[in-house]
Structures are given as structure tokens and as C-alpha cells.
2 protein chains.
Amino acid sequence: MTGNCIIYGKNAVIEALETGTREFNKILIANNSRNDTKIERIKELASQRGIIFQFVDSRKLNQIEPEGRHQGVVAQIAPIKYTDLDDFIANVKGNIVILDGVEDSHNVGAIIRTCVCAGIKGIILPSRRGVLINPVVEKTSAGAVNKICIIKTNSLVNAVQKLKENDYWVIASDHHAKDNYYDIDYTNMNFALIMGAEHAGISRSLLKLSDFVVKIPMLTNFNSLNVSNATAIILFEVVKQGVKG
Amino acid sequence: MTGNCIIYGKNAVIEALETGTREFNKILIANNSRNDTKIERIKELASQRGIIFQFVDSRKLNQIEPEGRHQGVVAQIAPIKYTDLDDFIANVKGNIVILDGVEDSHNVGAIIRTCVCAGIKGIILPSRRGVLINPVVEKTSAGAVNKICIIKTNSLVNAVQKLKENDYWVIASDHHAKDNYYDIDYTNMNFALIMGAEHAGISRSLLKLSDFVVKIPMLTNFNSLNVSNATAIILFEVVKQGVKG
């Protein structure tokens with residue numbers, strides 16, 4: 001197996017097993033979780049794919065994942081394969097979310113989970129600013145990292161320019177915007193939605209490239225939505241427009 | 001000061017200082033964060049209120065908050081004052097969110113933050129199942145815990161019955177529902193929105209008491225929204241209806 005990576009949490013492991021695109025080395029299961037239905041599902045899927053699973057003392061899992069969020073299961077697995085943007089544009093298409101410097105792994109994981117629920121096909125992360133896929137992201141995404149194309153890029157500006165050349169509409173979320181997120185008709189376009197870091201927001205060079213800049217209106221002056229909640233609010237307006245037609 | 005409690009993170013401390021309802025014992029600031037504008041704001045507010053602040057080695061803060069999320073500031077402060085439901089109904093009114101057994105502190109904090117942005121006036125937490133206000137909730141809420149009435153109850157069923165007797169409409173979010181969350185007109189009612197634990201959902205006794213049960217339609221079969229994102233999606237439909245009139 002090239003490289004090696006740890007994932008943990010029942011949903012994260014089940015989704016990685018079900019998707020089947022990542023090679024497993026082995027799965028470690030805590031002795032005291034034998035009667036759990038999700039653990040049974042993990043054993044069943046592992047058996048079908050010929051993957052080794054071992055029962056171990058839960059203290060061993062605590063050594064691997066000291067924050068105690070492993071839920072009794074840890075897997076050694078091949079890392080996520082990142083998708084090339086050109087490949088994505090040629091072969092996948094579909095809507096994209098771009099994270100400009102989001103640094104909290106819990107937020108990145110929650111955003112990826114919401115993206116998959118909302119039918120988003122790709123997510124673009126900058127290679128150097130912000131978080132890439134790590135065990136916390138995998139866990140928080142509940143395995144959604146396996147159900148979406150994850151694209152990393154050295155230059156978000158170049159990525160956005162390439163998307164525009166390929167008929168994507170670029171939408172930036174910024175609380176100084178004039179337009180509200182629900183004033184856009186999302187139903188007849190391919191779009192790339194840019195969400196910024198919680199404090200710094202979206203970089204100016206990306207704002208300049210955007211076709212639309214939208215805000216989420218608030219009912220109080222406590223103007224401080226968490227970035228994953230802000231992403232969910234916009235994406236489910238898109239879903240709503242799609243469902244309602 | 002009766003009781004004692006630790007809060008950390010710049011926004012959490014600033015909001016607690018600005019709201020002014022909680023007594024401070026003292027504020028500890030890391031030596032290496034002297035030039036930060038938010039730290040300057042904390043010093044200014046503390047001076048105005050006659051609250052002691054001390055500069056300490058950041059290792060001292062790491063001892064108090066070992067996960068390294070303190071952002072260079074920790075305060076010893078009086079605990080949150082919970083609001084009595086009768087008082088709330090008599091004197092505050094306004095819309096409420098009820099959390100039925102949500103166990104992740106990050107989720108509870110993010111939900112409270114979103115509630116405040118969305119103009120929700122109260123949040124009800126069960127005393128025994130799920131999370132009450134703790135330092136992680138305070139930090140994740142970015143101080144929003146100080147801007148909303150927090151009500152704890154031994155019986156969510158009794159609380160919901162009392163709300164119904166006082167002309168509240170009770171809305172439950174459940175993914176088996178027939179109606180979509182955006183099919184309700186929220187503009188002319190006081191409502192209590194019940195959100196359930198991520199795995200168990202809302203308890204049957206509460207579902208039975210609900211006037212509306214709504215779902216969030218998804219575009220994929222990955223039916224797994226994080227509870228704070230689900231809450232944000234519903235509450236910002238409410239905001240949108242309010243803004244659009």
C-alpha cells in the first residue's frame with residue numbers, strides 16, 4: 001500500500017468500506033464494542049473484501065486516537081486520492097465548493113458532509129493555506145470525503161480562472177455583499193461557491209474574479225455565523241430551488 | 001463570586017465582557033499576544049469594568065486549556081445564569097430552539113451561535129440528556145451564550161406542553177417527515193423548533209406533541225446532515241421569510 005493513513009469513527013470506516021476506492025491495511029475494533037450493529041456492519045464489509053480486522057483492548061485505540069473520538073474502531077487505510085481539476089472538468093462536472101483558507105478541521109469535515117448531502121460534486125482546497133484531509137476531517141465528514149472529488153491546488157486564482165473558462169459561474173459569500181444568497185437562480189448553471197476563512201474572509205483576488213457576491217442576511221447584529229453553517233444555508237437554498245424546480 | 005467557571009477564546013471573552021451580565025474574577029492573557037487588536041479590546045473592556053487582567057506565560061494557559069484553543073486568553077468568570085421557562089414566557093417571549101439530547105459540545109456551541117444570528121430568543125436544554133453549557137460550548141458559540149436565554153429543564157415533555165399552553169407552535173425536525181421545512185409560514189407565529197440527537201433523533205413523546213414535523217430534502221442518499229448545519233438551514237429559512245415579509 002502506498003502511504004498510510006489512520007481513520008476512525010464508525011461512519012467514517014463504514015463509508016470508506018462501502019465506497020471501496022481505498023485500500024485497507026487492517027481494522028482495529030475495541031473488544032467492548034462487539035454487539036454494536038455498526039461494528040457488525042464493519043465486520044461484514046471487511047469480510048466481503050478480505051480485509052483483516054482485529055479485536056484489541058480499547059486502550060490501544062486510545063493510544064492511536066488520544067481524544068477518545070474513535071467510537072471503538074480505527075482503520076489503517078490508503079490516503080484519499082485527490083482529483084485533478086482538469087480531470088474533474090472533463091469527466092465529472094457538477095457544482096463545486098471552494099474553501100479559501102478554512103483552518104478548522106471540524107468545519108472542513110462538516111462542510112464536506114453537507115456538500116455531499118446537497119449534491120455538490122467537487123471541493124477545492126488550497127495546498128498551503130488551510131486544512132487538507134486529515135483524520136479529524138475524515139471523522140467529522142462521517143465518511144463523506146469518500147463520496148466527493150477532492151481537488152487541491154497551489155493557486156485558487158488559477159483554479160477559479162480555469163473554471164470560468166469552462167463556463168462555471170463563480171459565487172463568493174461575503175457579508176459586505178449587496179445581494180442576498182437567495183436572490184440567485186442556481187437551477188440553470190454550473191457554479192463554484194467560494195467560502196472564506198472565518199476571520200479573514202475571501203481574498204480580494206478571488207472576490208474580483210467572482211460573478212456574484214452574496215451575503216446571508218441576519219436578524220441581529222451578532223454577525224458571526226460559523227463557516228460550515230453559512231455553507232449549509234447557501235447550499236440548501238440551491239437544493240430547495242432544485243427540488244421545487 | 002458564587003461558583004466559578006473558565007471561559008477561553010477571544011470572542012468568548014469579549015462577548016462576556018460586553019454583555020456585562022456575568023461577574024469576572026480575573027482574566028489571564030498570554031505574554032506573546034500583546035499586540036493583538038482583540039486582546040487590546042479585552043484589556044480596554046476589563047479596565048472599564050475594573051476587572052483584573054494579568055499577563056502570564058502561555059504555558060500557564062496551556063495547563064488550564066490543554067487542547068490549545070485558548071487563543072491566548074482565559075477568564076475566570078461566574079457561570080451562565082439559566083433562565084426559568086415561566087420567566088421567559090412571561091417576560092421575553094420570542095422563538096425557541098429545543099435540543100433533544102444533542103451530545104457534542106461543538107454542535108451545541110455552533111447551534112447557539114446560529115440561533116443568535118437568526119434572532120432566536122431562547123434555547124432549551126435537558127438537564128440530564130445531552131450537553132449543558134461548558135467551556136467548549138462557550139468557545140464554539142463565540143460568546144453567543146451571553147446573548148440568548150438558556151433554559152434547562154428536567155422534562156422536555158413538560159416544557160413543550162407549557163409552551164403549547166402559551167400559544168407556541170411546536171415544530172420537530174425529522175427525516176421521516178412528509179413536509180419540507182420551507183413549506184411552513186413562520187412569519188405569524190411564535191414557534192419552538194425541536195432538533196434531535198444526531199443518531200437517535202427526536203424522542204417519540206416529543207414528536208407526538210409536535211404541531212408540525214418537517215424534513216430537509218437531500219439531493220443524494222447520503223442522508224447525514226450534521227445537527228448544527230440542519231438547524232442553520234431551517235432557521236435561515238425563517239430569517240429569509242422574515243426579511244422578505
# chains A, B, ... in the order shown; residues from 1 in each chain; ligands from 1

call {"tool": "closest_atom_pairs", "arguments": {"of": "chain B", "to": "chain A", "cutoff": "9 Å", "atoms": "only C-alpha atoms", "output": "tab-separated table"}}
result
residue	atom	partner	partner_atom	distance
B:His106	CA	A:His106	CA	8.8
B:Ala110	CA	A:Asn226	CA	6.7
B:Ile111	CA	A:Asn229	CA	8.8
B:Arg113	CA	A:Leu225	CA	6.7
B:Thr114	CA	A:Leu225	CA	5.9
B:Val116	CA	A:Phe222	CA	6.8
B:Cys117	CA	A:Thr220	CA	5.6
B:Ala118	CA	A:Leu219	CA	5.2
B:Gly119	CA	A:Leu219	CA	5.2
B:Ile120	CA	A:Leu219	CA	8.9
B:Thr140	CA	A:Asn226	CA	8.9
B:Ser141	CA	A:Asn226	CA	8.8
B:Ala142	CA	A:Ser224	CA	7.9
B:Ala144	CA	A:Phe222	CA	8.0
B:Lys147	CA	A:Phe222	CA	8.8
B:Tyr182	CA	A:Lys240	CA	8.2
B:Ile216	CA	A:Phe236	CA	8.5
B:Pro217	CA	A:Val239	CA	7.7
B:Met218	CA	A:Cys117	CA	5.6
B:Leu219	CA	A:Gly119	CA	5.2
B:Thr220	CA	A:Cys117	CA	5.6
B:Asn221	CA	A:Cys117	CA	7.4
B:Phe222	CA	A:Cys117	CA	5.6
B:Asn223	CA	A:Cys117	CA	6.3
B:Ser224	CA	A:Cys117	CA	6.9
B:Leu225	CA	A:Thr114	CA	5.9
B:Asn226	CA	A:Ala110	CA	6.7
B:Ser228	CA	A:Asn229	CA	7.0
B:Asn229	CA	A:Asn229	CA	5.0
B:Ala230	CA	A:Ala232	CA	7.7
B:Thr231	CA	A:Asn229	CA	8.6
B:Ala232	CA	A:Asn229	CA	5.8
B:Ile233	CA	A:Ile233	CA	4.9
B:Ile234	CA	A:Ile233	CA	8.3
B:Leu235	CA	A:Ile233	CA	8.9
B:Phe236	CA	A:Ile233	CA	6.7
B:Glu237	CA	A:Ile233	CA	8.4
B:Val239	CA	A:Leu219	CA	6.7
B:Lys240	CA	A:Pro217	CA	7.7
B:Gly242	CA	A:Leu219	CA	8.6
B:Val243	CA	A:Pro217	CA	7.9

call {"tool": "closest_atom_pairs", "arguments": {"of": "segment 42-138 of chain B", "to": "segment 186-196 of chain B", "cutoff": "7 Å", "atoms": "only C-alpha atoms", "output": "Markdown table"}}
result
| residue | atom | partner | partner_atom | distance |
| --- | --- | --- | --- | --- |
| B:Gly94 | CA | B:Asn190 | CA | 6.1 |
| B:Asn95 | CA | B:Phe191 | CA | 5.2 |
| B:Ile96 | CA | B:Ala192 | CA | 4.6 |
| B:Val97 | CA | B:Leu193 | CA | 4.8 |
| B:Ile98 | CA | B:Ile194 | CA | 4.6 |
| B:Leu99 | CA | B:Met195 | CA | 5.2 |
| B:Asp100 | CA | B:Gly196 | CA | 4.7 |
| B:Gly101 | CA | B:Gly196 | CA | 6.3 |
| B:Val102 | CA | B:Gly196 | CA | 6.4 |

call {"tool": "residues_around", "arguments": {"residues": "Leu17 of chain A", "least_positions_apart": "2", "cutoff": "12 Å", "atoms": "only C-alpha atoms", "output": "MDAnalysis selection string"}}
result
chainID A and resid 7 10:15 19:27 41:51 75:78 143:144 146:147

call {"tool": "residues_around", "arguments": {"residues": "Ser155 of chain B", "least_positions_apart": "4", "cutoff": "9 Å", "atoms": "only C-alpha atoms", "output": "number ranges by chain"}}
result
B: 126-127, 159-160

call {"tool": "write_last_selection", "arguments": {"atoms": "C-alpha atoms", "output": "CSV table (one decimal), in the first residue's frame"}}
result
chain,number,residue,atom,x,y,z
B,126,PRO,CA,-32.5,18.9,29.0
B,127,SER,CA,-30.7,18.8,32.4
B,159,ALA,CA,-41.6,22.2,28.8
B,160,VAL,CA,-43.2,21.6,25.4

call {"tool": "atom_distance", "arguments": {"atom1": "atom CA of Leu61 of chain B", "atom2": "atom CA of Ala200 of chain A"}}
result
25.0 Å
